[in-house]
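Trainee: Structure provided below as structure tokens; questions to follow.
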Amino acid sequence: MARATYRICTLPGDGIGPEIMAEGKKVLAAVGTRANVDFVCEDHLIGGAAIDATEGTENPTALPEETLLSARASDAVLLAAVGGPKWTNTDAGKPRPEQGLLAIRKGLGLYLNLRPVRMFDALREASPLRPELLEGVDLVIVRELTGGLYFGEHRRERDVEGAGVGGGKGGFASDTMEYSEYEVDRVVRWAFEAARRRRGVVHSVDKANVLETSRMWREITHAIAAEYPDVRAEDLYVDNAAMQLVANPAQFDVIVTENTFGDILSDEASMLTGSLGMLASASLGSGTALYEPSHGSAPDIAGKGIANPLAQILSVELMLRHSFQMDDEADWIVSAVRSALDDGWRTADIADDATPADHVLGTVAMGDKVVEYL
């Protein structure tokens with residue numbers, strides 16, 4: 001039987017990105033050896049690294065055309081992290097690392113972000129929530145990616161009469177939240193299909209008591225819910241959803257919401273697991289899917305060898321599951337991570353006072369440990 005080969009566009013990015021990407025590749029290679037599959041990874045630039053590489057050219061950018069072309073031609077895209085204070089600026093004319101992430105999602109036709117929030121029992125004490133509140137937590141946040149505030153019109157004016165302190169001239173800024181019906185329909189429908197394969201509950205999060213976009217969102221959700229009588233659908237205002245995530249997280253199965261709300265709620269939900277370093281994500285749509293950790297580039301610890309690579313490794317798990325239909329192999333990774341944690345191995349961000357010093361591992365050692373359990 002011919003050995004399967006998959007081509008992966010790997011984007012190490014900025015900060016701790018190259019360090020954790022190396023561990024993701026290490027685990028992927030170990031899975032490939034065991035499964036008799038070749039995973040061919042090809043590095044490309046994105047984010048701040050791309051801005052630095054294109055500085056001084058006619059078109060400095062956070063997403064070079066070469067990167068996008070490679071991503072489109074690949075079977076999957078694996079991203080580490082983008083951003084950092086080096087590239088922070090308020091000049092609208094200069095590229096910012098985050099623009100690379102938004103642009104590649106748009107360029108690949110990726111319209112939803114999937115963030116599983118899986119509770120590893122060994123990390124209950126690492127969560128700021130009481131351990132008893134974490135019993136049974138297993139939820140998925142489905143976030144719309146191509147609409148809302150992030151892609152609406154952004155406007156800034158200066159010396160506007162009446163906008164200044166005291167009624168004089170001053171600055172004025174606006175950001176437009178906008179959605180089309182098809183953008184809402186496709187992501188909500190995906191959430192209902194996911195719930196049908198899980199525990200059969202969808203919570204749709206909006207702010208329909210204030211926002212017209214949310215009122216349309218709710219109307220479309222109700223119409224779709226009527227097509228899924230086997231799925232229980234509930235509406236939640238976003239402020240209540242934020243409260244419920246920390247008061248009773250186990251009630252949730254699938255949460256579906258628009259771009260900005262999803263961005264905020266998924267970071268909040270990450271703390272249920274004890275650290276952003278444990279949360280992976282998948283961006284899915286009509287083109288090549290993209291997989292990435294939910295944390296940032298952590299420039300304060302970059303190069304120190306202490307970053308937690310588990311979210312990157314669990315992003316590899318999602319890639320196997322959603323792009324390659326390798327569910328058994330994806331389960332190997334989850335099992336290996338769980339075994340490492342159950343045996344007390346920790347990186348600094350998920351260690352506590354009870355963790356023996358010789359069980360606190362660096363980035364490379366934690367990657368090695370996961371491979372050991374595979």
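Convention: chains lettered A, B, ... in structure tokens order; per-chain residue numbering from 1; ligands numbered from 1 as shown.
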Quick one: everything within 8 Å of Ala49 in chain A, counting only C-alpha atoms, minus sequence neighbours fewer than 3 positions away in the same chain. Send it as a CSV table (one decimal) with C-alpha atoms, in the first residue's frame.

Mentor:
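File written: around37.csv
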```csv
chain,number,residue,atom,x,y,z
A,13,GLY,CA,5.6,33.6,13.2
A,14,ASP,CA,6.9,35.6,16.1
A,45,LEU,CA,6.7,34.0,6.9
A,46,ILE,CA,3.7,35.7,8.5
A,52,ASP,CA,10.8,42.7,9.0
A,53,ALA,CA,11.6,40.6,5.9
A,62,ALA,CA,2.5,40.9,7.3
```

Trainee: Do a neighbour search on range 364-370 of chain A at 12 Å with only C-alpha atoms, toss out local chain neighbours closer than 5 positions, and write the hits as an MDAnalysis selection string.

Mentor: chainID A and resid 18:31 303:314 332:348 358:359

Trainee: Export C-alpha atoms of the chosen residues as an mmCIF file, in the first residue's frame?

Mentor:
```
data_model
loop_
_atom_site.group_PDB
_atom_site.id
_atom_site.type_symbol
_atom_site.label_atom_id
_atom_site.label_comp_id
_atom_site.auth_asym_id
_atom_site.auth_seq_id
_atom_site.Cartn_x
_atom_site.Cartn_y
_atom_site.Cartn_z
ATOM 1 C CA PRO A 18 9.369 29.108 16.330
ATOM 2 C CA GLU A 19 9.949 27.298 19.634
ATOM 3 C CA ILE A 20 6.491 25.777 19.928
ATOM 4 C CA MET A 21 6.280 25.079 16.189
ATOM 5 C CA ALA A 22 9.363 22.870 16.507
ATOM 6 C CA GLU A 23 7.557 20.772 19.116
ATOM 7 C CA GLY A 24 4.421 20.519 16.999
ATOM 8 C CA LYS A 25 6.512 19.253 14.091
ATOM 9 C CA LYS A 26 8.275 16.795 16.398
ATOM 10 C CA VAL A 27 4.989 15.254 17.516
ATOM 11 C CA LEU A 28 3.666 15.255 13.948
ATOM 12 C CA ALA A 29 6.752 13.387 12.750
ATOM 13 C CA ALA A 30 6.337 10.800 15.519
ATOM 14 C CA VAL A 31 2.698 10.256 14.532
ATOM 15 C CA GLY A 303 13.928 32.480 23.558
ATOM 16 C CA LYS A 304 13.890 31.281 27.176
ATOM 17 C CA GLY A 305 12.798 27.756 26.335
ATOM 18 C CA ILE A 306 9.968 27.746 28.876
ATOM 19 C CA ALA A 307 6.881 28.227 26.668
ATOM 20 C CA ASN A 308 4.126 25.647 26.906
ATOM 21 C CA PRO A 309 3.953 23.767 23.547
ATOM 22 C CA LEU A 310 0.804 21.782 24.364
ATOM 23 C CA ALA A 311 -1.654 24.112 22.613
ATOM 24 C CA GLN A 312 0.508 23.870 19.486
ATOM 25 C CA ILE A 313 0.615 20.089 19.822
ATOM 26 C CA LEU A 314 -3.156 19.953 20.318
ATOM 27 C CA TRP A 332 -3.082 9.201 20.134
ATOM 28 C CA ILE A 333 -2.007 12.800 20.704
ATOM 29 C CA VAL A 334 -4.780 13.542 23.198
ATOM 30 C CA SER A 335 -3.954 10.356 25.076
ATOM 31 C CA ALA A 336 -0.234 11.199 25.127
ATOM 32 C CA VAL A 337 -0.881 14.704 26.464
ATOM 33 C CA ARG A 338 -3.273 13.356 29.073
ATOM 34 C CA SER A 339 -0.741 10.719 30.185
ATOM 35 C CA ALA A 340 2.028 13.298 30.504
ATOM 36 C CA LEU A 341 -0.198 15.516 32.646
ATOM 37 C CA ASP A 342 -1.533 12.612 34.730
ATOM 38 C CA ASP A 343 2.045 11.633 35.521
ATOM 39 C CA GLY A 344 2.687 15.115 36.868
ATOM 40 C CA TRP A 345 4.750 16.666 34.063
ATOM 41 C CA ARG A 346 4.203 20.409 33.745
ATOM 42 C CA THR A 347 5.520 23.522 32.055
ATOM 43 C CA ALA A 348 5.921 26.586 34.264
ATOM 44 C CA ASP A 358 12.192 18.009 38.520
ATOM 45 C CA HIS A 359 8.736 17.710 36.908
#
```

Trainee: Here is a test: counting only C-alpha atoms, which residue of A:Glu55, A:Glu65, A:Asp253, A:Asp138 is nearest to Val201 in chain A?

Mentor: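 Comparing A:Glu55, A:Glu65, A:Asp253, A:Asp138 against Val201 in chain A, the winner is A:Asp253.
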
Trainee: With only C-alpha atoms as the basis for distance, which of A:Ala50, A:Ile255, A:Val316, A:Leu272 is at the shortest distance from Ala126 in chain A?

Mentor: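 Residue with the minimum atom-to-atom distance to Ala126 in chain A: A:Leu272.
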
Trainee: Could you pull out the residues in range 282-316 of chain A that DSSP calls helix (DSSP H, G or I) from the backbone, as a ChimeraX atom specification?

Mentor: /A:310-316

Trainee: Would you give me, as JSON lines, each residue of range 93-181 of chain A having an atom within 12 Å of an atom of range 67-86 of chain A, along with its shortest atom pair and that distance in Å to one decimal, using only C-alpha atoms and sorting by chain and residue number?

Mentor:
```
{"residue": "A:Pro95", "atom": "CA", "partner": "A:Gly83", "partner_atom": "CA", "distance": 11.2}
{"residue": "A:Arg96", "atom": "CA", "partner": "A:Gly83", "partner_atom": "CA", "distance": 7.8}
{"residue": "A:Pro97", "atom": "CA", "partner": "A:Gly83", "partner_atom": "CA", "distance": 5.1}
{"residue": "A:Glu98", "atom": "CA", "partner": "A:Gly83", "partner_atom": "CA", "distance": 6.4}
{"residue": "A:Gln99", "atom": "CA", "partner": "A:Val82", "partner_atom": "CA", "distance": 9.6}
{"residue": "A:Gly100", "atom": "CA", "partner": "A:Val82", "partner_atom": "CA", "distance": 8.3}
{"residue": "A:Leu101", "atom": "CA", "partner": "A:Val82", "partner_atom": "CA", "distance": 7.7}
{"residue": "A:Leu102", "atom": "CA", "partner": "A:Val82", "partner_atom": "CA", "distance": 11.0}
{"residue": "A:Ala103", "atom": "CA", "partner": "A:Leu68", "partner_atom": "CA", "distance": 8.9}
{"residue": "A:Ile104", "atom": "CA", "partner": "A:Leu68", "partner_atom": "CA", "distance": 6.5}
{"residue": "A:Arg105", "atom": "CA", "partner": "A:Leu68", "partner_atom": "CA", "distance": 9.7}
{"residue": "A:Lys106", "atom": "CA", "partner": "A:Leu68", "partner_atom": "CA", "distance": 10.3}
{"residue": "A:Gly107", "atom": "CA", "partner": "A:Leu68", "partner_atom": "CA", "distance": 7.1}
{"residue": "A:Leu108", "atom": "CA", "partner": "A:Arg72", "partner_atom": "CA", "distance": 6.6}
{"residue": "A:Gly109", "atom": "CA", "partner": "A:Arg72", "partner_atom": "CA", "distance": 9.9}
{"residue": "A:Leu110", "atom": "CA", "partner": "A:Arg72", "partner_atom": "CA", "distance": 11.4}
```

Trainee: Find the residues of range 210-314 of chain A that sit at most 12 Å from range 178-194 of chain A; for each, write down the nearest two atoms and how far apart they are in Å, to one decimal. Count only C-alpha atoms. Sort by chain, then by number going up, and give it as JSON lines.

Mentor:
```
{"residue": "A:Leu211", "atom": "CA", "partner": "A:Glu178", "partner_atom": "CA", "distance": 10.2}
{"residue": "A:Glu212", "atom": "CA", "partner": "A:Glu178", "partner_atom": "CA", "distance": 9.1}
{"residue": "A:Thr213", "atom": "CA", "partner": "A:Tyr179", "partner_atom": "CA", "distance": 6.4}
{"residue": "A:Ser214", "atom": "CA", "partner": "A:Tyr179", "partner_atom": "CA", "distance": 9.2}
{"residue": "A:Arg215", "atom": "CA", "partner": "A:Tyr179", "partner_atom": "CA", "distance": 11.0}
{"residue": "A:Met216", "atom": "CA", "partner": "A:Glu181", "partner_atom": "CA", "distance": 7.8}
{"residue": "A:Trp217", "atom": "CA", "partner": "A:Val184", "partner_atom": "CA", "distance": 6.3}
{"residue": "A:Arg218", "atom": "CA", "partner": "A:Val184", "partner_atom": "CA", "distance": 9.4}
{"residue": "A:Glu219", "atom": "CA", "partner": "A:Glu181", "partner_atom": "CA", "distance": 10.0}
{"residue": "A:Ile220", "atom": "CA", "partner": "A:Asp185", "partner_atom": "CA", "distance": 6.5}
{"residue": "A:Thr221", "atom": "CA", "partner": "A:Val188", "partner_atom": "CA", "distance": 6.4}
{"residue": "A:His222", "atom": "CA", "partner": "A:Val188", "partner_atom": "CA", "distance": 9.9}
{"residue": "A:Ala223", "atom": "CA", "partner": "A:Asp185", "partner_atom": "CA", "distance": 9.5}
{"residue": "A:Ile224", "atom": "CA", "partner": "A:Arg189", "partner_atom": "CA", "distance": 6.7}
{"residue": "A:Ala225", "atom": "CA", "partner": "A:Phe192", "partner_atom": "CA", "distance": 7.6}
{"residue": "A:Ala226", "atom": "CA", "partner": "A:Phe192", "partner_atom": "CA", "distance": 10.7}
{"residue": "A:Glu227", "atom": "CA", "partner": "A:Phe192", "partner_atom": "CA", "distance": 9.4}
{"residue": "A:Tyr228", "atom": "CA", "partner": "A:Phe192", "partner_atom": "CA", "distance": 7.3}
{"residue": "A:Pro229", "atom": "CA", "partner": "A:Phe192", "partner_atom": "CA", "distance": 10.4}
{"residue": "A:Asp230", "atom": "CA", "partner": "A:Phe192", "partner_atom": "CA", "distance": 9.7}
{"residue": "A:Val231", "atom": "CA", "partner": "A:Phe192", "partner_atom": "CA", "distance": 7.1}
{"residue": "A:Arg232", "atom": "CA", "partner": "A:Phe192", "partner_atom": "CA", "distance": 9.3}
{"residue": "A:Ala233", "atom": "CA", "partner": "A:Phe192", "partner_atom": "CA", "distance": 8.7}
{"residue": "A:Glu234", "atom": "CA", "partner": "A:Phe192", "partner_atom": "CA", "distance": 11.6}
{"residue": "A:Asp253", "atom": "CA", "partner": "A:Ala194", "partner_atom": "CA", "distance": 9.5}
{"residue": "A:Val254", "atom": "CA", "partner": "A:Ala191", "partner_atom": "CA", "distance": 6.7}
{"residue": "A:Ile255", "atom": "CA", "partner": "A:Ala191", "partner_atom": "CA", "distance": 7.6}
{"residue": "A:Val256", "atom": "CA", "partner": "A:Ala191", "partner_atom": "CA", "distance": 6.3}
{"residue": "A:Thr257", "atom": "CA", "partner": "A:Val188", "partner_atom": "CA", "distance": 8.0}
{"residue": "A:Glu258", "atom": "CA", "partner": "A:Val184", "partner_atom": "CA", "distance": 8.0}
{"residue": "A:Asn259", "atom": "CA", "partner": "A:Tyr179", "partner_atom": "CA", "distance": 10.2}
{"residue": "A:Thr260", "atom": "CA", "partner": "A:Glu178", "partner_atom": "CA", "distance": 11.5}
{"residue": "A:Ser283", "atom": "CA", "partner": "A:Val187", "partner_atom": "CA", "distance": 11.5}
{"residue": "A:Leu284", "atom": "CA", "partner": "A:Val187", "partner_atom": "CA", "distance": 9.9}
{"residue": "A:Gly285", "atom": "CA", "partner": "A:Val187", "partner_atom": "CA", "distance": 9.2}
{"residue": "A:Ser286", "atom": "CA", "partner": "A:Arg186", "partner_atom": "CA", "distance": 10.8}
```

Trainee: What would the file look like if the residues just selected were written as an mmCIF file, in the first residue's frame with N, CA and C atoms?

Mentor:
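Resulting contents of part-v1.cif:
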```cif
data_model
loop_
_atom_site.group_PDB
_atom_site.id
_atom_site.type_symbol
_atom_site.label_atom_id
_atom_site.label_comp_id
_atom_site.auth_asym_id
_atom_site.auth_seq_id
_atom_site.Cartn_x
_atom_site.Cartn_y
_atom_site.Cartn_z
ATOM 1 N N LEU A 211 -28.300 45.440 19.475
ATOM 2 C CA LEU A 211 -27.689 45.506 18.148
ATOM 3 C C LEU A 211 -28.584 44.929 17.053
ATOM 4 N N GLU A 212 -28.685 45.644 15.939
ATOM 5 C CA GLU A 212 -29.472 45.158 14.809
ATOM 6 C C GLU A 212 -28.837 43.918 14.181
ATOM 7 N N THR A 213 -27.501 43.868 14.141
ATOM 8 C CA THR A 213 -26.838 42.669 13.626
ATOM 9 C C THR A 213 -27.210 41.453 14.466
ATOM 10 N N SER A 214 -27.322 41.633 15.762
ATOM 11 C CA SER A 214 -27.691 40.520 16.637
ATOM 12 C C SER A 214 -29.146 40.106 16.449
ATOM 13 N N ARG A 215 -30.019 41.068 16.166
ATOM 14 C CA ARG A 215 -31.413 40.710 15.920
ATOM 15 C C ARG A 215 -31.529 39.848 14.660
ATOM 16 N N MET A 216 -30.759 40.215 13.622
ATOM 17 C CA MET A 216 -30.753 39.378 12.424
ATOM 18 C C MET A 216 -30.142 38.014 12.727
ATOM 19 N N TRP A 217 -29.043 38.008 13.503
ATOM 20 C CA TRP A 217 -28.388 36.760 13.905
ATOM 21 C C TRP A 217 -29.388 35.831 14.589
ATOM 22 N N ARG A 218 -30.170 36.388 15.501
ATOM 23 C CA ARG A 218 -31.128 35.577 16.263
ATOM 24 C C ARG A 218 -32.237 35.039 15.357
ATOM 25 N N GLU A 219 -32.732 35.855 14.445
ATOM 26 C CA GLU A 219 -33.784 35.403 13.523
ATOM 27 C C GLU A 219 -33.298 34.235 12.662
ATOM 28 N N ILE A 220 -32.071 34.355 12.142
ATOM 29 C CA ILE A 220 -31.518 33.290 11.304
ATOM 30 C C ILE A 220 -31.296 32.028 12.127
ATOM 31 N N THR A 221 -30.801 32.186 13.340
ATOM 32 C CA THR A 221 -30.571 31.036 14.221
ATOM 33 C C THR A 221 -31.865 30.294 14.512
ATOM 34 N N HIS A 222 -32.939 31.032 14.780
ATOM 35 C CA HIS A 222 -34.222 30.382 15.070
ATOM 36 C C HIS A 222 -34.734 29.614 13.857
ATOM 37 N N ALA A 223 -34.548 30.174 12.667
ATOM 38 C CA ALA A 223 -34.987 29.487 11.448
ATOM 39 C C ALA A 223 -34.211 28.193 11.244
ATOM 40 N N ILE A 224 -32.905 28.236 11.500
ATOM 41 C CA ILE A 224 -32.079 27.028 11.352
ATOM 42 C C ILE A 224 -32.426 26.013 12.432
ATOM 43 N N ALA A 225 -32.671 26.482 13.648
ATOM 44 C CA ALA A 225 -33.002 25.576 14.751
ATOM 45 C C ALA A 225 -34.243 24.748 14.435
ATOM 46 N N ALA A 226 -35.172 25.317 13.699
ATOM 47 C CA ALA A 226 -36.385 24.584 13.330
ATOM 48 C C ALA A 226 -36.085 23.384 12.440
ATOM 49 N N GLU A 227 -34.932 23.403 11.764
ATOM 50 C CA GLU A 227 -34.526 22.288 10.909
ATOM 51 C C GLU A 227 -33.829 21.183 11.706
ATOM 52 N N TYR A 228 -33.542 21.450 12.963
ATOM 53 C CA TYR A 228 -32.807 20.494 13.804
ATOM 54 C C TYR A 228 -33.598 20.221 15.082
ATOM 55 N N PRO A 229 -34.729 19.514 14.968
ATOM 56 C CA PRO A 229 -35.554 19.263 16.158
ATOM 57 C C PRO A 229 -34.848 18.408 17.206
ATOM 58 N N ASP A 230 -33.793 17.707 16.807
ATOM 59 C CA ASP A 230 -33.053 16.863 17.747
ATOM 60 C C ASP A 230 -31.986 17.637 18.511
ATOM 61 N N VAL A 231 -31.808 18.930 18.209
ATOM 62 C CA VAL A 231 -30.827 19.773 18.901
ATOM 63 C C VAL A 231 -31.566 20.820 19.733
ATOM 64 N N ARG A 232 -31.210 20.927 20.989
ATOM 65 C CA ARG A 232 -31.807 21.950 21.849
ATOM 66 C C ARG A 232 -31.070 23.269 21.645
ATOM 67 N N ALA A 233 -31.801 24.311 21.289
ATOM 68 C CA ALA A 233 -31.196 25.615 21.010
ATOM 69 C C ALA A 233 -31.623 26.632 22.054
ATOM 70 N N GLU A 234 -30.660 27.415 22.524
ATOM 71 C CA GLU A 234 -30.940 28.467 23.486
ATOM 72 C C GLU A 234 -30.223 29.740 23.085
ATOM 73 N N ASP A 253 -22.367 22.931 25.510
ATOM 74 C CA ASP A 253 -21.908 21.934 24.549
ATOM 75 C C ASP A 253 -21.279 22.659 23.360
ATOM 76 N N VAL A 254 -22.092 23.327 22.547
ATOM 77 C CA VAL A 254 -21.609 24.141 21.435
ATOM 78 C C VAL A 254 -22.097 25.572 21.628
ATOM 79 N N ILE A 255 -21.173 26.512 21.627
ATOM 80 C CA ILE A 255 -21.493 27.934 21.679
ATOM 81 C C ILE A 255 -21.185 28.522 20.317
ATOM 82 N N VAL A 256 -22.129 29.222 19.720
ATOM 83 C CA VAL A 256 -21.887 29.861 18.424
ATOM 84 C C VAL A 256 -22.145 31.352 18.554
ATOM 85 N N THR A 257 -21.255 32.158 17.993
ATOM 86 C CA THR A 257 -21.391 33.598 18.149
ATOM 87 C C THR A 257 -20.593 34.341 17.089
ATOM 88 N N GLU A 258 -20.793 35.655 17.040
ATOM 89 C CA GLU A 258 -20.133 36.471 16.019
ATOM 90 C C GLU A 258 -18.674 36.729 16.392
ATOM 91 N N ASN A 259 -17.994 37.436 15.523
ATOM 92 C CA ASN A 259 -16.539 37.545 15.568
ATOM 93 C C ASN A 259 -15.998 38.132 16.878
ATOM 94 N N THR A 260 -16.425 39.332 17.218
ATOM 95 C CA THR A 260 -15.876 40.005 18.399
ATOM 96 C C THR A 260 -16.253 39.276 19.682
ATOM 97 N N SER A 283 -9.364 27.008 12.132
ATOM 98 C CA SER A 283 -10.123 27.924 11.292
ATOM 99 C C SER A 283 -10.503 27.171 10.026
ATOM 100 N N LEU A 284 -11.805 27.047 9.803
ATOM 101 C CA LEU A 284 -12.331 26.202 8.741
ATOM 102 C C LEU A 284 -13.187 27.010 7.780
ATOM 103 N N GLY A 285 -13.351 26.500 6.569
ATOM 104 C CA GLY A 285 -14.180 27.195 5.594
ATOM 105 C C GLY A 285 -14.114 26.515 4.251
ATOM 106 N N SER A 286 -14.039 27.322 3.199
ATOM 107 C CA SER A 286 -14.074 26.773 1.848
ATOM 108 C C SER A 286 -12.693 26.424 1.297
#
```

Trainee: Using only C-alpha atoms, pick whichever of A:Ala208, A:Ala351, A:Leu374, A:Met278 has the shortest atom-to-atom distance to Asp328 in chain A.

Mentor: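 The closest residue to Asp328 in chain A is A:Leu374.
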
Trainee: With distances taken over only C-alpha atoms, which residue among A:Ser294, A:Ser281, A:Ser275, A:Ser266 lies nearest Glu125 in chain A?

Mentor: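 Smallest separation from Glu125 in chain A among the options: A:Ser275.
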
Trainee: Check range 245-322 of chain A with DSSP on the backbone and list each residue it calls strand (DSSP E), as a list of chain:residue names.

Mentor: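 After running DSSP on the backbone, range 245-322 of chain A has strand (DSSP E) at A:Val254, A:Ile255, A:Val256, A:Thr257, A:Ala280, A:Ser281, A:Ala282, A:Ser283, A:Leu284, A:Gly285, A:Leu290, A:Tyr291, A:Glu292, A:Pro293.
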
Trainee: Between A:Met319, A:Leu123, A:Ala163, A:Val205, which residue has the minimum interatomic distance to Leu245 in chain A, considering only C-alpha atoms?

Mentor: A:Val205

Trainee: How many Å separate CA of Ile8 in chain A from CA of Ala282 in chain A?

Mentor: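 Going from CA of Ile8 in chain A over to CA of Ala282 in chain A covers 14.3 Å.
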